[in-house]
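Enquirer: Data file model-v5.csv (CSV, C-alpha atoms) is appended below.
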```csv
chain,number,residue,atom,x,y,z
A,5,MET,CA,142.5,5.2,-10.0
A,6,LYS,CA,141.0,7.8,-7.7
A,7,VAL,CA,142.7,10.5,-9.8
A,8,ILE,CA,140.0,10.2,-12.5
A,9,SER,CA,137.2,11.0,-10.1
A,10,THR,CA,138.0,14.7,-9.8
A,11,SER,CA,138.0,16.2,-13.2
A,12,THR,CA,140.4,19.1,-12.6
A,13,GLY,CA,142.7,16.8,-10.7
A,14,SER,CA,142.9,14.4,-13.5
A,15,ASN,CA,143.5,17.1,-16.1
A,16,VAL,CA,146.4,18.5,-14.2
A,17,PHE,CA,147.7,15.0,-13.6
A,18,GLY,CA,147.5,14.2,-17.3
A,19,GLU,CA,149.4,17.4,-18.1
A,20,GLY,CA,152.1,16.4,-15.7
A,21,VAL,CA,152.3,12.9,-17.3
A,22,LYS,CA,152.6,14.6,-20.7
A,23,ASP,CA,155.4,17.0,-19.6
A,24,GLY,CA,157.1,14.1,-17.9
A,25,THR,CA,157.2,12.0,-21.1
A,26,SER,CA,160.4,13.7,-22.2
A,27,ILE,CA,162.0,12.7,-18.9
A,28,ALA,CA,160.7,9.1,-19.3
A,29,LEU,CA,162.3,9.1,-22.8
A,30,GLY,CA,165.6,10.6,-21.5
A,31,TYR,CA,165.6,8.0,-18.6
A,32,MET,CA,165.4,5.1,-21.1
A,33,PRO,CA,169.0,5.0,-22.1
A,34,ALA,CA,170.2,6.1,-18.6
A,35,ALA,CA,168.2,3.3,-16.9
A,36,ILE,CA,169.2,0.7,-19.5
A,37,THR,CA,172.8,1.6,-19.0
A,38,PHE,CA,172.4,1.4,-15.2
A,39,GLY,CA,170.7,-2.0,-15.5
A,40,PHE,CA,173.4,-3.3,-17.8
A,41,ILE,CA,176.2,-2.1,-15.5
A,42,ALA,CA,174.4,-3.6,-12.5
A,43,GLN,CA,174.3,-6.9,-14.3
A,44,THR,CA,178.0,-6.8,-15.0
A,45,THR,CA,178.6,-5.8,-11.4
A,46,ASN,CA,176.9,-9.1,-10.4
A,47,LEU,CA,173.8,-7.5,-8.9
A,48,SER,CA,170.7,-9.8,-9.3
A,49,ILE,CA,167.7,-8.6,-11.2
A,50,GLN,CA,165.8,-8.2,-7.9
A,51,GLU,CA,168.6,-6.1,-6.4
A,52,THR,CA,168.8,-3.9,-9.5
A,53,LEU,CA,165.0,-3.3,-9.5
A,54,LEU,CA,164.9,-2.7,-5.8
A,55,MET,CA,167.6,-0.1,-6.0
A,56,SER,CA,165.8,1.8,-8.8
A,57,LEU,CA,162.4,1.4,-6.9
A,58,LEU,CA,163.7,2.7,-3.6
A,59,VAL,CA,166.5,5.1,-4.4
A,60,PHE,CA,165.4,6.7,-7.7
A,61,ALA,CA,168.6,8.7,-8.2
A,62,GLY,CA,170.5,8.1,-11.4
A,63,ALA,CA,173.9,9.5,-10.6
A,64,ALA,CA,174.0,8.0,-7.1
A,65,GLN,CA,173.0,4.6,-8.4
A,66,TYR,CA,175.8,4.6,-11.0
A,67,MET,CA,178.3,5.7,-8.4
A,68,ALA,CA,177.1,2.9,-6.0
A,69,LEU,CA,177.8,0.4,-8.7
A,70,SER,CA,181.3,1.6,-9.3
A,71,LEU,CA,182.0,1.6,-5.6
A,72,LEU,CA,180.6,-1.9,-5.2
A,73,ALA,CA,182.7,-3.1,-8.1
A,74,VAL,CA,185.9,-2.1,-6.2
A,75,GLY,CA,184.6,-3.6,-3.0
A,76,THR,CA,183.8,-0.4,-1.0
A,77,GLY,CA,182.0,-0.8,2.3
A,78,ALA,CA,178.3,-0.1,3.0
A,79,LEU,CA,178.8,3.0,5.1
A,80,GLU,CA,181.1,4.6,2.5
A,81,ILE,CA,178.6,3.9,-0.3
A,82,ILE,CA,175.7,5.3,1.7
A,83,PHE,CA,177.7,8.4,2.7
A,84,THR,CA,178.7,9.0,-1.0
A,85,THR,CA,175.0,8.7,-2.0
A,86,PHE,CA,174.1,11.3,0.6
A,87,ILE,CA,176.8,13.7,-0.7
A,88,VAL,CA,175.7,13.2,-4.3
A,89,ASN,CA,172.0,13.7,-3.5
A,90,ILE,CA,172.2,16.6,-1.0
A,91,ARG,CA,171.6,19.0,-3.9
A,92,HIS,CA,168.0,17.9,-3.9
A,93,PHE,CA,167.6,19.6,-0.6
A,94,LEU,CA,168.1,22.9,-2.4
A,95,MET,CA,165.8,21.8,-5.3
A,96,SER,CA,163.0,20.8,-2.9
A,97,ALA,CA,163.3,24.1,-1.1
A,98,SER,CA,163.0,26.0,-4.4
A,99,LEU,CA,160.1,23.8,-5.5
A,100,ASN,CA,158.4,24.4,-2.2
A,101,GLU,CA,158.2,28.1,-3.1
A,102,LYS,CA,156.5,27.3,-6.4
A,103,ALA,CA,154.1,24.5,-5.5
A,104,HIS,CA,150.6,25.1,-4.2
A,105,SER,CA,150.3,24.4,-0.5
A,106,ASP,CA,148.9,21.0,0.2
A,107,SER,CA,148.7,18.3,2.9
A,108,LEU,CA,152.1,17.3,4.2
A,109,LEU,CA,151.4,13.7,3.3
A,110,LYS,CA,150.9,14.6,-0.4
A,111,LYS,CA,154.1,16.7,-0.3
A,112,ALA,CA,156.0,14.0,1.5
A,113,GLY,CA,154.9,11.6,-1.2
A,114,TYR,CA,156.0,13.6,-4.3
A,115,ALA,CA,159.2,14.6,-2.4
A,116,PHE,CA,160.4,11.1,-3.2
A,117,GLY,CA,160.3,12.0,-6.9
A,118,VAL,CA,162.4,15.2,-6.8
A,119,THR,CA,165.2,14.1,-9.1
A,120,ASP,CA,167.2,16.7,-11.1
A,121,GLU,CA,165.0,16.1,-14.1
A,122,VAL,CA,161.6,16.2,-12.3
A,123,PHE,CA,162.7,19.3,-10.5
A,124,ALA,CA,163.8,20.9,-13.8
A,125,VAL,CA,160.6,20.2,-15.7
A,126,THR,CA,158.2,21.2,-12.8
A,127,SER,CA,160.1,24.4,-11.9
A,128,MET,CA,160.2,25.6,-15.6
A,129,LYS,CA,156.4,25.2,-15.7
A,130,GLN,CA,154.7,28.6,-16.0
A,131,GLY,CA,153.0,29.8,-12.8
A,132,ASN,CA,152.3,27.9,-9.6
A,133,ILE,CA,151.9,24.2,-9.8
A,134,SER,CA,149.6,21.7,-8.0
A,135,SER,CA,150.6,18.5,-6.3
A,136,MET,CA,148.8,16.5,-9.0
A,137,TYR,CA,150.9,18.0,-11.7
A,138,ILE,CA,154.1,17.1,-9.9
A,139,TYR,CA,152.8,13.6,-9.3
A,140,GLY,CA,152.1,13.2,-13.0
A,141,VAL,CA,155.7,14.3,-14.0
A,142,PHE,CA,157.1,12.1,-11.2
A,143,LEU,CA,155.2,8.9,-11.8
A,144,ILE,CA,155.8,8.6,-15.6
A,145,SER,CA,159.5,9.3,-15.0
A,146,TYR,CA,159.6,6.8,-12.1
A,147,ILE,CA,157.9,4.0,-14.1
A,148,SER,CA,160.4,4.6,-17.0
A,149,TRP,CA,163.4,4.5,-14.6
A,150,VAL,CA,162.3,1.3,-12.9
A,151,VAL,CA,161.1,-0.6,-16.0
A,152,PHE,CA,164.1,0.2,-18.1
A,153,SER,CA,166.5,-0.6,-15.3
A,154,GLY,CA,165.1,-4.1,-15.5
A,155,VAL,CA,165.3,-4.1,-19.3
A,156,GLY,CA,168.9,-3.0,-19.1
A,157,HIS,CA,169.7,-5.8,-16.7
A,158,THR,CA,168.1,-8.4,-19.0
A,159,VAL,CA,169.0,-7.2,-22.5
A,160,GLY,CA,171.4,-4.3,-22.1
A,161,GLU,CA,174.2,-5.9,-24.0
A,162,LEU,CA,172.1,-5.9,-27.1
A,163,LEU,CA,172.1,-2.1,-27.4
A,164,PRO,CA,174.4,-1.0,-30.2
A,165,ALA,CA,177.6,0.7,-29.0
A,166,THR,CA,177.1,3.8,-31.3
A,167,LEU,CA,173.6,4.4,-30.0
A,168,GLN,CA,174.8,3.9,-26.4
A,169,GLN,CA,177.4,6.6,-26.9
A,170,SER,CA,175.0,9.2,-28.3
A,171,MET,CA,172.1,8.4,-26.0
A,172,THR,CA,174.2,9.3,-22.9
A,173,PHE,CA,173.5,12.9,-24.2
A,174,ALA,CA,169.7,12.5,-23.8
A,175,LEU,CA,169.4,14.0,-20.3
A,176,TYR,CA,171.7,17.0,-21.1
A,177,ALA,CA,169.5,17.6,-24.2
A,178,LEU,CA,166.5,17.7,-21.9
A,179,PHE,CA,168.2,20.2,-19.5
A,180,ILE,CA,169.1,22.4,-22.5
A,181,ALA,CA,165.6,22.2,-23.9
A,182,LEU,CA,164.2,23.4,-20.6
A,183,LEU,CA,166.7,26.2,-20.2
A,184,ALA,CA,166.7,27.6,-23.7
A,185,PRO,CA,163.3,29.3,-23.8
A,186,SER,CA,164.0,31.2,-20.6
A,187,LEU,CA,167.3,32.4,-21.9
A,188,LYS,CA,165.5,34.3,-24.6
A,189,LYS,CA,163.1,36.0,-22.0
A,190,HIS,CA,165.4,37.5,-19.4
A,191,ARG,CA,169.1,38.6,-19.5
A,192,LYS,CA,169.3,37.7,-15.8
A,193,ILE,CA,168.7,34.0,-16.6
A,194,ILE,CA,171.7,34.0,-19.0
A,195,PHE,CA,173.9,35.2,-16.2
A,196,LEU,CA,172.4,32.8,-13.6
A,197,ALA,CA,172.9,29.7,-15.7
A,198,GLY,CA,176.2,31.0,-17.2
A,199,LEU,CA,177.8,31.8,-13.8
A,200,ALA,CA,176.7,28.5,-12.3
A,201,ALA,CA,178.1,26.7,-15.3
A,202,VAL,CA,181.5,28.4,-14.9
A,203,LEU,CA,181.6,27.9,-11.1
A,204,ASN,CA,180.6,24.3,-11.4
A,205,SER,CA,183.4,23.7,-13.9
A,206,LEU,CA,185.9,25.2,-11.5
A,207,PHE,CA,184.6,23.6,-8.3
A,208,ILE,CA,184.4,20.1,-9.8
A,209,GLN,CA,188.2,20.1,-10.0
A,210,LEU,CA,188.3,20.6,-6.2
A,211,MET,CA,185.5,18.6,-4.6
A,212,ALA,CA,182.9,15.9,-5.1
A,213,GLU,CA,180.3,16.6,-7.8
A,214,GLY,CA,177.5,16.7,-5.2
A,215,TRP,CA,179.0,19.7,-3.3
A,216,SER,CA,180.2,21.3,-6.5
A,217,ILE,CA,176.7,21.6,-8.1
A,218,ILE,CA,175.2,22.9,-4.8
A,219,LEU,CA,177.9,25.5,-4.2
A,220,ALA,CA,177.8,26.7,-7.9
A,221,THR,CA,174.0,26.9,-7.8
A,222,ILE,CA,173.8,28.7,-4.4
A,223,ILE,CA,176.6,31.2,-5.1
A,224,SER,CA,175.1,32.1,-8.5
A,225,ALA,CA,171.6,32.4,-7.2
A,226,ILE,CA,172.8,34.7,-4.3
A,227,ILE,CA,175.0,36.9,-6.5
A,228,LEU,CA,172.2,37.5,-9.1
A,229,GLU,CA,169.7,38.2,-6.3
A,230,PHE,CA,171.9,41.0,-5.1
A,231,VAL,CA,172.8,42.3,-8.6
A,232,GLU,CA,169.2,42.2,-9.8
A,233,PRO,CA,166.7,41.6,-6.9
A,234,ALA,CA,163.6,39.7,-8.0
A,235,SER,CA,161.3,42.3,-6.2
A,236,GLN,CA,162.5,45.0,-8.6
A,237,LYS,CA,160.8,43.2,-11.5
A,238,TYR,CA,157.5,44.2,-10.1
A,239,THR,CA,155.9,47.6,-9.9
A,240,THR,CA,155.5,47.8,-6.1
A,241,ALA,CA,158.3,47.3,-3.7
A,242,GLU,CA,156.6,44.7,-1.6
A,243,SER,CA,155.7,42.8,-4.8
A,244,PRO,CA,152.1,41.7,-4.2
A,245,ALA,CA,152.2,39.8,-7.4
A,246,ARG,CA,154.5,37.3,-5.9
A,247,LYS,CA,152.4,36.9,-2.8
A,248,GLU,CA,149.2,36.1,-4.8
A,249,LYS,CA,149.5,32.4,-4.6
A,250,ARG,CA,149.4,32.3,-0.8
B,28,MET,CA,168.1,-13.7,-4.9
B,29,MET,CA,169.4,-10.9,-2.7
B,30,SER,CA,172.5,-10.6,-0.5
B,31,VAL,CA,172.0,-9.0,2.9
B,32,ASP,CA,174.9,-6.6,2.3
B,33,ILE,CA,173.4,-5.2,-0.9
B,34,PHE,CA,170.0,-5.0,0.8
B,35,ILE,CA,171.4,-2.9,3.6
B,36,ILE,CA,173.2,-0.7,1.2
B,37,ILE,CA,170.0,-0.1,-0.9
B,38,ILE,CA,167.9,0.7,2.2
B,39,GLY,CA,170.7,3.1,3.5
B,40,MET,CA,170.9,4.8,0.0
B,41,ALA,CA,167.1,5.1,-0.1
B,42,VAL,CA,167.0,6.8,3.4
B,43,VAL,CA,169.8,9.3,2.7
B,44,THR,CA,168.3,10.2,-0.7
B,45,TYR,CA,164.8,10.7,0.5
B,46,ILE,CA,165.5,12.8,3.6
B,47,PRO,CA,167.1,15.9,1.8
B,48,ARG,CA,164.2,15.7,-0.8
B,49,MET,CA,161.5,15.6,1.9
B,50,LEU,CA,162.7,18.0,4.6
B,51,PRO,CA,162.1,21.4,2.8
B,52,LEU,CA,158.8,20.3,1.3
B,53,VAL,CA,157.4,19.1,4.7
B,54,PHE,CA,159.0,21.5,7.1
B,55,PHE,CA,159.6,24.8,5.4
B,56,ASN,CA,157.0,27.4,5.9
B,57,THR,CA,156.6,29.4,2.7
B,58,LYS,CA,154.4,32.0,4.3
B,59,HIS,CA,157.1,33.6,6.5
B,60,ILE,CA,160.0,33.6,4.2
B,61,PRO,CA,162.1,36.8,3.8
B,62,PRO,CA,161.8,38.3,0.3
B,63,THR,CA,165.6,38.0,-0.3
B,64,LEU,CA,165.6,34.3,0.4
B,65,GLU,CA,162.5,33.9,-1.8
B,66,GLY,CA,164.3,35.7,-4.6
B,67,ILE,CA,167.3,33.4,-4.2
B,68,LEU,CA,165.1,30.3,-4.2
B,69,GLN,CA,163.4,31.5,-7.4
B,70,ASN,CA,166.9,31.9,-9.0
B,71,VAL,CA,167.9,28.3,-8.1
B,72,PRO,CA,166.2,26.5,-11.0
B,73,TYR,CA,168.1,28.5,-13.7
B,74,ALA,CA,171.4,28.3,-11.8
B,75,ALA,CA,170.9,24.6,-11.2
B,76,LEU,CA,170.3,24.0,-14.9
B,77,GLY,CA,173.5,25.8,-15.8
B,78,ALA,CA,175.5,23.6,-13.3
B,79,LEU,CA,173.7,20.4,-14.4
B,80,ILE,CA,174.6,21.0,-18.1
B,81,PHE,CA,178.2,22.2,-17.7
B,82,PRO,CA,180.7,20.8,-17.6
B,83,GLY,CA,179.0,17.4,-17.6
B,84,ALA,CA,177.6,17.6,-21.2
B,85,LEU,CA,181.1,18.3,-22.6
B,86,LEU,CA,182.6,15.3,-20.8
B,87,ILE,CA,180.4,12.4,-22.1
B,88,HIS,CA,183.2,11.5,-24.6
B,89,ASP,CA,187.0,11.6,-24.3
B,90,ASN,CA,186.9,14.2,-27.1
B,91,VAL,CA,185.2,17.4,-25.9
B,92,VAL,CA,184.1,18.2,-29.4
B,93,PHE,CA,181.5,15.4,-29.3
B,94,GLY,CA,179.7,16.9,-26.3
B,95,LEU,CA,180.1,20.4,-27.8
B,96,ILE,CA,178.4,19.4,-31.0
B,97,GLY,CA,175.6,17.9,-28.8
B,98,VAL,CA,175.3,21.1,-26.8
B,99,LEU,CA,175.2,23.3,-30.0
B,100,SER,CA,172.7,21.0,-31.7
B,101,ALA,CA,170.4,20.9,-28.6
B,102,PHE,CA,170.5,24.7,-28.2
B,103,SER,CA,169.9,25.3,-32.0
B,104,ILE,CA,166.9,22.9,-32.1
B,105,ALA,CA,165.5,24.3,-28.9
B,106,PHE,CA,165.7,27.9,-30.2
B,107,LEU,CA,164.0,26.8,-33.5
B,108,SER,CA,161.2,24.5,-32.2
B,109,GLY,CA,160.8,24.3,-28.5
B,110,SER,CA,159.3,20.9,-27.9
B,111,LEU,CA,161.3,19.0,-25.4
B,112,ILE,CA,161.1,15.7,-27.2
B,113,THR,CA,162.2,17.2,-30.5
B,114,VAL,CA,165.3,18.6,-28.8
B,115,VAL,CA,166.1,15.3,-27.1
B,116,LEU,CA,165.6,13.1,-30.2
B,117,GLY,CA,167.1,15.6,-32.6
B,118,SER,CA,170.4,16.1,-30.8
B,119,ILE,CA,170.7,12.3,-30.3
B,120,ALA,CA,170.1,11.8,-34.0
B,121,VAL,CA,172.9,14.3,-34.8
B,122,LEU,CA,175.3,12.6,-32.4
B,123,THR,CA,174.4,9.1,-33.6
B,124,LEU,CA,175.2,10.2,-37.2
B,125,LEU,CA,178.5,11.7,-36.1
B,126,THR,CA,179.6,8.9,-33.7
B,127,PRO,CA,181.6,7.0,-36.5
B,128,LEU,CA,183.9,10.1,-36.7
B,129,PHE,CA,184.8,9.9,-33.0
```
Can I see the file as C-alpha cells?

Expert:
Amino acid sequence: MKVISTSTGSNVFGEGVKDGTSIALGYMPAAITFGFIAQTTNLSIQETLLMSLLVFAGAAQYMALSLLAVGTGALEIIFTTFIVNIRHFLMSASLNEKAHSDSLLKKAGYAFGVTDEVFAVTSMKQGNISSMYIYGVFLISYISWVVFSGVGHTVGELLPATLQQSMTFALYALFIALLAPSLKKHRKIIFLAGLAAVLNSLFIQLMAEGWSIILATIISAIILEFVEPASQKYTTAESPARKEKR
Amino acid sequence: MMSVDIFIIIIGMAVVTYIPRMLPLVFFNTKHIPPTLEGILQNVPYAALGALIFPGALLIHDNVVFGLIGVLSAFSIAFLSGSLITVVLGSIAVLTLLTPLF
C-alpha cells in the first residue's frame, strides 16, 4: 500500500475510510438484496459480481435486473441506466467545486466512485477535501457493495423477511443523518432540502426517477441562490473566503 | 459462466454510468466559474439530499406510515446524537421492532 508511505496522505485516507464506514454498513442490506434478486433473475455469481464491480450504482443495478426479468433488450437497459445515473453529473460538478485540485488521473479514478452516498458523505464534510479522503470513502463503500452482492447471491434467501423489510431503510437513514446537522445551522438549507423534496415528489409522478431528482435538485439550488445568494453570507462582495482554496 | 448478452449489457451500463461521473471532475475548470454558478453548485448537496430522501423514504412499504416512522426516528436520533452509524442502526432497530405491526 503506497498510501501508508506519506503520513498526511494516510491520515486523510483513514479519515475517509472511517466516514465511509456508515455507507459500507448501509450498502450491506442493499447489496445483499441486489445479489439475491440477481440470483433469482438467473444471473450467475460471476455476472452479479462483475456488474457490482464495473457499474457500482445501486438503483440502476436493481432496475437492470427488473428489466432483464421481463426480457428487455440490451440497448434499452443501457439507456435506462444512463437516465437513472445522469444525476451523478450534477453531483460530480458540485464535488469538483469542493475537492482540492489534483492530477486529472486521480480525479478520473475517484470519479468512478461518485454514488449518491459517497457524494453525500464527502460533500457534507467541513471545508475542502483532498483526493485521498474521497478515495477512503469510496473504497470502503465499494468493497462493501461488491462483497455483499456476492454474499446476497450465495445466501440472500437466509436473511429473515422482517429484517429485510426494515433494512431497506438504511440508506435513507444515512441521508437523513447527513442532512440533519446542517438543518440546524442555516435556515436556507431547510428551504433547499424541503423545496427539492416537494418538487421531486411532484416530478416523480410525471417522469423517470433519474430526471425527477435532477430537475428537483437544480430548480431548488437555482431558486435558493437567487433568494439568498451564497456571496451575501460573507463580509465582502467578492467573497475572498470562498476563493481561498484556489 | 457468463452469457455474452449479459456481458455486453454490463459493459454498456458501466460506460454510461462512469461518463457522467467523470466529465465534470476531469473537464470543468473551477478557477473561472461565475460566482452565481458556484453558489448554485454549493446548494446542490443539500437540495440533492432532500430529493434523495423524499418521497423515496416514505415508499419503502405499501403503508406510508412505516416509512414515516423511519423518517421521524432517523431525524430524532440525528438531532440527539449525530453519529451516522447510530442513526442508521437506531432507526433500523425501531423499524424492525415495529415490522410485525405492518

Enquirer: Between atom CA of A:Ala97 and atom CA of B:Leu68, measure the distance and give it in Å to one decimal.

Expert: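 Pair atom CA of A:Ala97 / atom CA of B:Leu68 returns 7.2 Å.
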
Enquirer: Taking only C-alpha atoms into account and nothing else, which residues of chain B lie no more than 6 Å away from chain A? Please answer as a ChimeraX atom specification.

Expert: /B:36-37,39-41,43-45,47-49,51-53,66-68,70-71,73-75,77-78,80-82,84,101,105,111-112,115,119,122-123

Enquirer: Near B:Gly117, within 8 Å and counting all atoms listed in the file, which residues show up once chain neighbours fewer than 4 positions away are dropped, as a tab-separated table (two decimals) with C-alpha atoms, in the frame of the given file?

Expert:
```tsv
chain	number	residue	atom	x	y	z
B	100	SER	CA	172.70	21.00	-31.70
B	101	ALA	CA	170.40	20.90	-28.60
B	104	ILE	CA	166.90	22.90	-32.10
B	113	THR	CA	162.20	17.20	-30.50
B	121	VAL	CA	172.90	14.30	-34.80
```

Enquirer: May I ask for the distance between atom CA of A:Val21 and atom CA of A:Gly140, given in Å to one decimal place?

Expert: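 Distance between the two atoms: 4.3 Å.
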
Enquirer: Pull N, CA, C and O atoms for stretch 94-117 of chain B from the block and write them as a PDB file, in the first residue's frame.

Expert:
```pdb
ATOM      1  N   GLY B  94     -42.638   4.065   6.549  1.00  0.00           N
ATOM      2  CA  GLY B  94     -41.540   4.944   6.174  1.00  0.00           C
ATOM      3  C   GLY B  94     -41.515   6.216   7.007  1.00  0.00           C
ATOM      4  O   GLY B  94     -40.452   6.708   7.381  1.00  0.00           O
ATOM      5  N   LEU B  95     -42.712   6.725   7.309  1.00  0.00           N
ATOM      6  CA  LEU B  95     -42.818   7.962   8.088  1.00  0.00           C
ATOM      7  C   LEU B  95     -42.214   7.775   9.480  1.00  0.00           C
ATOM      8  O   LEU B  95     -41.482   8.648   9.973  1.00  0.00           O
ATOM      9  N   ILE B  96     -42.494   6.622  10.087  1.00  0.00           N
ATOM     10  CA  ILE B  96     -41.905   6.327  11.402  1.00  0.00           C
ATOM     11  C   ILE B  96     -40.378   6.261  11.278  1.00  0.00           C
ATOM     12  O   ILE B  96     -39.651   6.794  12.116  1.00  0.00           O
ATOM     13  N   GLY B  97     -39.897   5.651  10.189  1.00  0.00           N
ATOM     14  CA  GLY B  97     -38.459   5.596   9.938  1.00  0.00           C
ATOM     15  C   GLY B  97     -37.853   6.978   9.838  1.00  0.00           C
ATOM     16  O   GLY B  97     -36.828   7.277  10.455  1.00  0.00           O
ATOM     17  N   VAL B  98     -38.512   7.858   9.058  1.00  0.00           N
ATOM     18  CA  VAL B  98     -38.014   9.225   8.863  1.00  0.00           C
ATOM     19  C   VAL B  98     -37.980   9.969  10.198  1.00  0.00           C
ATOM     20  O   VAL B  98     -36.976  10.613  10.538  1.00  0.00           O
ATOM     21  N   LEU B  99     -39.072   9.874  10.957  1.00  0.00           N
ATOM     22  CA  LEU B  99     -39.133  10.589  12.239  1.00  0.00           C
ATOM     23  C   LEU B  99     -38.090  10.043  13.225  1.00  0.00           C
ATOM     24  O   LEU B  99     -37.420  10.817  13.915  1.00  0.00           O
ATOM     25  N   SER B 100     -37.930   8.709  13.260  1.00  0.00           N
ATOM     26  CA  SER B 100     -36.911   8.126  14.145  1.00  0.00           C
ATOM     27  C   SER B 100     -35.521   8.618  13.763  1.00  0.00           C
ATOM     28  O   SER B 100     -34.731   9.020  14.623  1.00  0.00           O
ATOM     29  N   ALA B 101     -35.223   8.565  12.450  1.00  0.00           N
ATOM     30  CA  ALA B 101     -33.886   8.941  11.996  1.00  0.00           C
ATOM     31  C   ALA B 101     -33.591  10.406  12.330  1.00  0.00           C
ATOM     32  O   ALA B 101     -32.512  10.730  12.831  1.00  0.00           O
ATOM     33  N   PHE B 102     -34.569  11.305  12.074  1.00  0.00           N
ATOM     34  CA  PHE B 102     -34.355  12.723  12.392  1.00  0.00           C
ATOM     35  C   PHE B 102     -34.188  12.917  13.901  1.00  0.00           C
ATOM     36  O   PHE B 102     -33.300  13.650  14.342  1.00  0.00           O
ATOM     37  N   SER B 103     -35.025  12.229  14.708  1.00  0.00           N
ATOM     38  CA  SER B 103     -34.928  12.379  16.168  1.00  0.00           C
ATOM     39  C   SER B 103     -33.559  11.933  16.666  1.00  0.00           C
ATOM     40  O   SER B 103     -32.892  12.651  17.415  1.00  0.00           O
ATOM     41  N   ILE B 104     -33.126  10.746  16.220  1.00  0.00           N
ATOM     42  CA  ILE B 104     -31.827  10.231  16.674  1.00  0.00           C
ATOM     43  C   ILE B 104     -30.706  11.154  16.203  1.00  0.00           C
ATOM     44  O   ILE B 104     -29.766  11.439  16.931  1.00  0.00           O
ATOM     45  N   ALA B 105     -30.833  11.659  14.938  1.00  0.00           N
ATOM     46  CA  ALA B 105     -29.794  12.537  14.390  1.00  0.00           C
ATOM     47  C   ALA B 105     -29.691  13.822  15.199  1.00  0.00           C
ATOM     48  O   ALA B 105     -28.594  14.311  15.463  1.00  0.00           O
ATOM     49  N   PHE B 106     -30.823  14.396  15.608  1.00  0.00           N
ATOM     50  CA  PHE B 106     -30.790  15.642  16.376  1.00  0.00           C
ATOM     51  C   PHE B 106     -30.249  15.403  17.784  1.00  0.00           C
ATOM     52  O   PHE B 106     -29.631  16.274  18.371  1.00  0.00           O
ATOM     53  N   LEU B 107     -30.471  14.190  18.311  1.00  0.00           N
ATOM     54  CA  LEU B 107     -29.996  13.893  19.668  1.00  0.00           C
ATOM     55  C   LEU B 107     -28.511  13.535  19.702  1.00  0.00           C
ATOM     56  O   LEU B 107     -27.762  14.011  20.543  1.00  0.00           O
ATOM     57  N   SER B 108     -28.083  12.651  18.777  1.00  0.00           N
ATOM     58  CA  SER B 108     -26.699  12.168  18.865  1.00  0.00           C
ATOM     59  C   SER B 108     -25.797  12.754  17.789  1.00  0.00           C
ATOM     60  O   SER B 108     -24.929  13.565  18.071  1.00  0.00           O
ATOM     61  N   GLY B 109     -25.986  12.373  16.540  1.00  0.00           N
ATOM     62  CA  GLY B 109     -25.161  12.951  15.492  1.00  0.00           C
ATOM     63  C   GLY B 109     -24.304  11.932  14.755  1.00  0.00           C
ATOM     64  O   GLY B 109     -24.002  12.122  13.596  1.00  0.00           O
ATOM     65  N   SER B 110     -23.926  10.839  15.421  1.00  0.00           N
ATOM     66  CA  SER B 110     -23.096   9.868  14.722  1.00  0.00           C
ATOM     67  C   SER B 110     -23.916   9.139  13.650  1.00  0.00           C
ATOM     68  O   SER B 110     -25.045   8.711  13.897  1.00  0.00           O
ATOM     69  N   LEU B 111     -23.335   9.033  12.453  1.00  0.00           N
ATOM     70  CA  LEU B 111     -24.057   8.442  11.317  1.00  0.00           C
ATOM     71  C   LEU B 111     -24.513   7.015  11.630  1.00  0.00           C
ATOM     72  O   LEU B 111     -25.651   6.638  11.359  1.00  0.00           O
ATOM     73  N   ILE B 112     -23.599   6.249  12.203  1.00  0.00           N
ATOM     74  CA  ILE B 112     -23.900   4.833  12.433  1.00  0.00           C
ATOM     75  C   ILE B 112     -25.018   4.654  13.455  1.00  0.00           C
ATOM     76  O   ILE B 112     -25.891   3.793  13.295  1.00  0.00           O
ATOM     77  N   THR B 113     -25.021   5.513  14.489  1.00  0.00           N
ATOM     78  CA  THR B 113     -26.100   5.447  15.481  1.00  0.00           C
ATOM     79  C   THR B 113     -27.454   5.676  14.820  1.00  0.00           C
ATOM     80  O   THR B 113     -28.442   4.990  15.122  1.00  0.00           O
ATOM     81  N   VAL B 114     -27.497   6.656  13.916  1.00  0.00           N
ATOM     82  CA  VAL B 114     -28.758   6.976  13.246  1.00  0.00           C
ATOM     83  C   VAL B 114     -29.217   5.797  12.383  1.00  0.00           C
ATOM     84  O   VAL B 114     -30.387   5.395  12.427  1.00  0.00           O
ATOM     85  N   VAL B 115     -28.278   5.218  11.619  1.00  0.00           N
ATOM     86  CA  VAL B 115     -28.630   4.107  10.731  1.00  0.00           C
ATOM     87  C   VAL B 115     -29.115   2.900  11.547  1.00  0.00           C
ATOM     88  O   VAL B 115     -30.210   2.371  11.307  1.00  0.00           O
ATOM     89  N   LEU B 116     -28.305   2.496  12.546  1.00  0.00           N
ATOM     90  CA  LEU B 116     -28.674   1.304  13.324  1.00  0.00           C
ATOM     91  C   LEU B 116     -29.914   1.556  14.175  1.00  0.00           C
ATOM     92  O   LEU B 116     -30.794   0.697  14.283  1.00  0.00           O
ATOM     93  N   GLY B 117     -30.005   2.756  14.763  1.00  0.00           N
ATOM     94  CA  GLY B 117     -31.139   3.078  15.628  1.00  0.00           C
ATOM     95  C   GLY B 117     -32.458   3.048  14.889  1.00  0.00           C
ATOM     96  O   GLY B 117     -33.438   2.448  15.356  1.00  0.00           O
TER      97      GLY B 117
END
```
